[in-house]
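J.: Once you've had a glance at the structure underneath, I'll fire off some questions.
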Amino acid sequence: MRLMFSRFAALTAFMSSVWAHMSMISPCPRYSSLGVNCPALPPGEAIDYNESSPIASGGVALQPFCKYTTPWPTPAARWTAGQSITVDFGSYGSEHDGGMCEWSLSYDSGKTFVVINQVLGRCFYDTQNNKVFNYTFTLPANVPGSNSAVFAWSWVNAMGNREFYMNCADVVIDGTSESFSGPQMTVLNYPGYPSVPEFMGNYSTGMEYYNNAPTITVYANANQTAIATATATATTAMTSTASDQPQSSPPSAMV
């Protein structure tokens with residue numbers, strides 16, 4: 001009986017660790033156990049049964065950006081610049097009272113990420129406080145085409161341990177543009193980057209980092225990726241700040 005209890009307790013702890021947080025399930029992130037239409041694993045890699053875990057917590061780096069650096073051997077999705085895309089999340093995790101979500105693209109194997117969509121303040125909730133598990137938005141018409149783009153979702157949770165989450169999916173993008181400019185992905189609560197406290201109902205917490213993210217330009221030729229002069233213009237165009245809103249309400253966001 002004691003052995004059975006120990007096994008049950010271990011299984012419960014394992015399942016709790018897997019389902020404690022949010023994770024992207026479509027497009028399928030690298031090595032996901034819960035993703036939809038996932039490619040075959042790269043040789044020598046293993047399924048990630050803890051894909052919802054943060055990549056940094058409490059000031060300690062737990063995993064590199066994207067969690068894994070080796071891409072899927074085949075793409076998890078194929079998109080066309082300018083089309084509407086839907087990103088799905090598992091409904092089993094804790095939303096930690098929302099926080100800051102960004103969706104970004106990399107054309108240099110995950111070294112540089114340019115933001116293409118944001119939900120800042122209370123991600124995973126709508127204005128009526130209903131939980132949200134999928135987001136649909138338009139892929140910018142002028143993003144470059146690529147057979148090896150990296151699509152990333154990143155999240156700074158509003159409540160709980162100070163963490164940074166990131167899932168990445170390898171995608172093909174059909175397009176004719178040679179370059180795209182937008183805000184650089186904001187990283188918080190990861191070693192070497194700024195940290196923000198729990199929001200405690202103030203959904204403007206850390207907003208200055210997003211509003212002042214430098215504008216970067218990414219190119220179809222990844223070797224040309226360059227960071228432009230720091231400016232808040234692109235980010236301000238994507239999402240309004242919360243300076244004119246009550247702290248108990250989330251700021252508006254682009255979806």
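Chain labels follow the order of the structure tokens: the first chain is A, the next B, and so on; residue numbering restarts at 1 in every chain, and ligands are counted from 1 in their shown order.
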Taking the chain letters and numbering used in this document, name the residues of segment 134-223 of chain A that DSSP puts in alpha helix (DSSP H), as an mmCIF file with all heavy atoms, in the first residue's frame.

T.:
```cif
data_model
loop_
_atom_site.group_PDB
_atom_site.id
_atom_site.type_symbol
_atom_site.label_atom_id
_atom_site.label_comp_id
_atom_site.auth_asym_id
_atom_site.auth_seq_id
_atom_site.Cartn_x
_atom_site.Cartn_y
_atom_site.Cartn_z
ATOM 1 N N MET A 207 5.257 47.870 -18.016
ATOM 2 C CA MET A 207 4.844 48.360 -19.326
ATOM 3 C C MET A 207 5.919 49.221 -19.991
ATOM 4 O O MET A 207 6.029 49.240 -21.229
ATOM 5 C CB MET A 207 3.552 49.164 -19.203
ATOM 6 C CG MET A 207 2.909 49.534 -20.532
ATOM 7 S SD MET A 207 2.265 48.100 -21.421
ATOM 8 C CE MET A 207 0.822 47.718 -20.423
ATOM 9 N N GLU A 208 6.741 49.892 -19.190
ATOM 10 C CA GLU A 208 7.747 50.777 -19.770
ATOM 11 C C GLU A 208 8.756 50.008 -20.627
ATOM 12 O O GLU A 208 9.287 50.542 -21.605
ATOM 13 C CB GLU A 208 8.479 51.553 -18.667
ATOM 14 C CG GLU A 208 9.315 50.732 -17.712
ATOM 15 C CD GLU A 208 8.543 50.180 -16.526
ATOM 16 O OE1 GLU A 208 7.291 50.149 -16.584
ATOM 17 O OE2 GLU A 208 9.182 49.769 -15.538
ATOM 18 N N TYR A 209 9.009 48.757 -20.269
ATOM 19 C CA TYR A 209 9.953 47.967 -21.060
ATOM 20 C C TYR A 209 9.383 47.642 -22.439
ATOM 21 O O TYR A 209 10.127 47.580 -23.428
ATOM 22 C CB TYR A 209 10.315 46.684 -20.322
ATOM 23 C CG TYR A 209 11.044 46.937 -19.025
ATOM 24 C CD1 TYR A 209 10.428 46.702 -17.790
ATOM 25 C CD2 TYR A 209 12.354 47.424 -19.021
ATOM 26 C CE1 TYR A 209 11.088 46.937 -16.597
ATOM 27 C CE2 TYR A 209 13.029 47.665 -17.836
ATOM 28 C CZ TYR A 209 12.382 47.425 -16.623
ATOM 29 O OH TYR A 209 13.042 47.673 -15.453
ATOM 30 N N TYR A 210 8.093 47.428 -22.512
ATOM 31 C CA TYR A 210 7.449 47.137 -23.793
ATOM 32 C C TYR A 210 7.310 48.411 -24.634
ATOM 33 O O TYR A 210 7.537 48.397 -25.843
ATOM 34 C CB TYR A 210 6.085 46.485 -23.563
ATOM 35 C CG TYR A 210 6.204 45.125 -22.925
ATOM 36 C CD1 TYR A 210 6.281 44.984 -21.534
ATOM 37 C CD2 TYR A 210 6.270 43.978 -23.707
ATOM 38 C CE1 TYR A 210 6.416 43.735 -20.946
ATOM 39 C CE2 TYR A 210 6.403 42.722 -23.134
ATOM 40 C CZ TYR A 210 6.475 42.600 -21.746
ATOM 41 O OH TYR A 210 6.614 41.359 -21.168
ATOM 42 N N ASN A 211 6.934 49.502 -23.977
ATOM 43 C CA ASN A 211 6.766 50.761 -24.701
ATOM 44 C C ASN A 211 8.086 51.312 -25.225
ATOM 45 O O ASN A 211 8.097 52.110 -26.174
ATOM 46 C CB ASN A 211 6.100 51.803 -23.802
ATOM 47 C CG ASN A 211 4.634 51.507 -23.574
ATOM 48 O OD1 ASN A 211 4.005 50.772 -24.337
ATOM 49 N ND2 ASN A 211 4.074 52.059 -22.517
#
```

J.: Excluding Cys66 of chain A and any residue of its chain fewer than 2 positions from it, enumerate the residues within 9 Å of it, using only C-alpha atoms, and give them as number ranges by chain.

T.: A: 29-30, 55, 63-64, 68-69, 110, 152-154, 165-169

J.: Keeping N, CA, C and O atoms, export the residues of the selection given above as a JSON list (two decimals), in the first residue's frame.

T.:
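And here's again_12.json as it stands now:
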```
[["chain", "number", "residue", "atom", "x", "y", "z"],
["A", 29, "PRO", "N", 4.86, 23.55, -30.50],
["A", 29, "PRO", "CA", 6.20, 23.98, -30.10],
["A", 29, "PRO", "C", 7.17, 22.80, -30.06],
["A", 29, "PRO", "O", 6.77, 21.64, -30.01],
["A", 30, "ARG", "N", 8.43, 23.11, -30.08],
["A", 30, "ARG", "CA", 9.47, 22.09, -30.13],
["A", 30, "ARG", "C", 9.31, 21.04, -29.03],
["A", 30, "ARG", "O", 9.24, 21.38, -27.85],
["A", 55, "ILE", "N", 11.21, 29.17, -18.60],
["A", 55, "ILE", "CA", 12.62, 29.01, -18.92],
["A", 55, "ILE", "C", 13.50, 29.76, -17.92],
["A", 55, "ILE", "O", 14.73, 29.60, -17.93],
["A", 63, "GLN", "N", 16.29, 27.09, -18.78],
["A", 63, "GLN", "CA", 16.49, 26.62, -20.14],
["A", 63, "GLN", "C", 16.84, 27.81, -21.03],
["A", 63, "GLN", "O", 16.58, 28.96, -20.66],
["A", 64, "PRO", "N", 17.39, 27.55, -22.20],
["A", 64, "PRO", "CA", 17.69, 28.66, -23.13],
["A", 64, "PRO", "C", 16.41, 29.21, -23.75],
["A", 64, "PRO", "O", 15.33, 28.63, -23.59],
["A", 68, "TYR", "N", 14.45, 24.84, -26.40],
["A", 68, "TYR", "CA", 15.33, 23.93, -27.14],
["A", 68, "TYR", "C", 15.88, 24.66, -28.36],
["A", 68, "TYR", "O", 15.18, 25.44, -28.99],
["A", 69, "THR", "N", 17.12, 24.37, -28.70],
["A", 69, "THR", "CA", 17.77, 25.11, -29.78],
["A", 69, "THR", "C", 17.78, 24.34, -31.11],
["A", 69, "THR", "O", 18.04, 24.94, -32.15],
["A", 110, "GLY", "N", 16.70, 31.98, -34.07],
["A", 110, "GLY", "CA", 16.36, 32.26, -32.68],
["A", 110, "GLY", "C", 17.28, 33.22, -31.97],
["A", 110, "GLY", "O", 17.18, 33.38, -30.75],
["A", 152, "ALA", "N", 7.62, 32.45, -32.05],
["A", 152, "ALA", "CA", 7.74, 32.35, -30.59],
["A", 152, "ALA", "C", 6.56, 33.02, -29.88],
["A", 152, "ALA", "O", 6.07, 34.06, -30.32],
["A", 153, "TRP", "N", 6.14, 32.39, -28.79],
["A", 153, "TRP", "CA", 5.25, 33.02, -27.82],
["A", 153, "TRP", "C", 6.05, 33.20, -26.54],
["A", 153, "TRP", "O", 6.71, 32.27, -26.08],
["A", 154, "SER", "N", 6.01, 34.40, -25.98],
["A", 154, "SER", "CA", 6.70, 34.67, -24.72],
["A", 154, "SER", "C", 5.72, 35.31, -23.75],
["A", 154, "SER", "O", 4.80, 36.02, -24.15],
["A", 165, "TYR", "N", 8.38, 32.80, -19.63],
["A", 165, "TYR", "CA", 7.97, 31.62, -20.38],
["A", 165, "TYR", "C", 8.21, 31.85, -21.87],
["A", 165, "TYR", "O", 8.06, 32.96, -22.36],
["A", 166, "MET", "N", 8.52, 30.77, -22.57],
["A", 166, "MET", "CA", 8.72, 30.90, -24.01],
["A", 166, "MET", "C", 8.58, 29.53, -24.68],
["A", 166, "MET", "O", 9.19, 28.55, -24.25],
["A", 167, "ASN", "N", 7.74, 29.46, -25.69],
["A", 167, "ASN", "CA", 7.61, 28.29, -26.56],
["A", 167, "ASN", "C", 7.91, 28.72, -27.98],
["A", 167, "ASN", "O", 7.57, 29.84, -28.38],
["A", 168, "CYS", "N", 8.51, 27.84, -28.77],
["A", 168, "CYS", "CA", 8.84, 28.17, -30.16],
["A", 168, "CYS", "C", 8.42, 27.05, -31.09],
["A", 168, "CYS", "O", 8.59, 25.87, -30.78],
["A", 169, "ALA", "N", 7.89, 27.44, -32.24],
["A", 169, "ALA", "CA", 7.52, 26.51, -33.29],
["A", 169, "ALA", "C", 8.26, 26.88, -34.57],
["A", 169, "ALA", "O", 8.44, 28.06, -34.86]]
```

J.: For each of A:Val60, A:Met22, A:Val114, A:Leu34, take the minimum atom-to-atom distance to Val156 of chain A, counting only C-alpha atoms, then give the residue where this is smallest.

T.: A:Met22

J.: With only C-alpha atoms as the basis for distance, which of A:Ile116, A:Met200, A:Ile216, A:Leu188 is at the shortest distance from Gly58 of chain A?

T.: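 For Gly58 of chain A, the nearest of the given residues is A:Leu188.
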
J.: Quick one: residues within 9 Å of segment 79-86 of chain A, only C-alpha atoms counted, chain neighbours fewer than 2 positions away excluded, as a VMD selection string?

T.: chain A and resid 26 to 27 77 88 134 to 145 171 to 177

J.: Write out as a list in words which residues come within 9 Å of Gln184 of chain A when counting only C-alpha atoms, dropping same-chain ones fewer than 2 positions away.

T.: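 Final neighbour list, sorted by chain and number: Ser104, Thr112, Phe113, Val114, Val115, Ser181, Gly182, Thr186, Tyr210, Ala213, Pro214, Thr215, Ile216, Thr217, Ile227 and Thr235 of chain A.
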
J.: Can you tell me, as a short mmCIF file (atom, residue, chain, number, x, y, z; two decimals) with N, CA and C atoms, in the first residue's frame, what residues are no more than 8 Å from Gly59 of chain A when counting only C-alpha atoms, ignoring any on the same chain fewer than 3 positions away?

T.:
```
data_model
loop_
_atom_site.label_atom_id
_atom_site.label_comp_id
_atom_site.auth_asym_id
_atom_site.auth_seq_id
_atom_site.Cartn_x
_atom_site.Cartn_y
_atom_site.Cartn_z
N ALA A 56 12.88 30.56 -17.06
CA ALA A 56 13.60 31.21 -15.96
C ALA A 56 12.64 31.42 -14.81
N ARG A 162 8.50 35.05 -9.99
CA ARG A 162 8.87 35.91 -11.13
C ARG A 162 9.55 35.05 -12.18
N GLU A 163 8.81 34.86 -13.27
CA GLU A 163 9.22 33.89 -14.27
C GLU A 163 9.14 34.47 -15.68
N ASN A 189 12.69 39.08 -16.25
CA ASN A 189 12.81 38.01 -15.25
C ASN A 189 13.69 36.86 -15.72
N TYR A 190 14.63 37.18 -16.61
CA TYR A 190 15.61 36.21 -17.09
C TYR A 190 16.99 36.79 -16.78
N PRO A 191 17.93 35.97 -16.32
CA PRO A 191 19.25 36.51 -15.97
C PRO A 191 19.84 37.37 -17.07
#
```

J.: Could you check the closest approach to Met185 of chain A for each of A:Asp108, A:Asp170, A:Glu51, A:Glu102 and tell me which residue wins, using only C-alpha atoms?

T.: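 Of all the options, A:Glu102 lies closest to Met185 of chain A.
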
J.: As a PyMOL selection string, please: the residues near Ile47 of chain A (cut-off 7 Å, only C-alpha atoms, same-chain neighbours under 4 positions excluded).

T.: chain A and resi 31-33

J.: Give me the residues near Gly99 of chain A as a ChimeraX atom specification, where near means some atom within 9 Å (using only C-alpha atoms) and where sequence neighbours in that chain fewer than 5 positions away do not count.

T.: /A:119-124,155-159,199,203,205

J.: Suppose you want the space between atom CA of Gly192 of chain A and atom CA of Tyr219 of chain A; what is it in Å?

T.: 26.1 Å
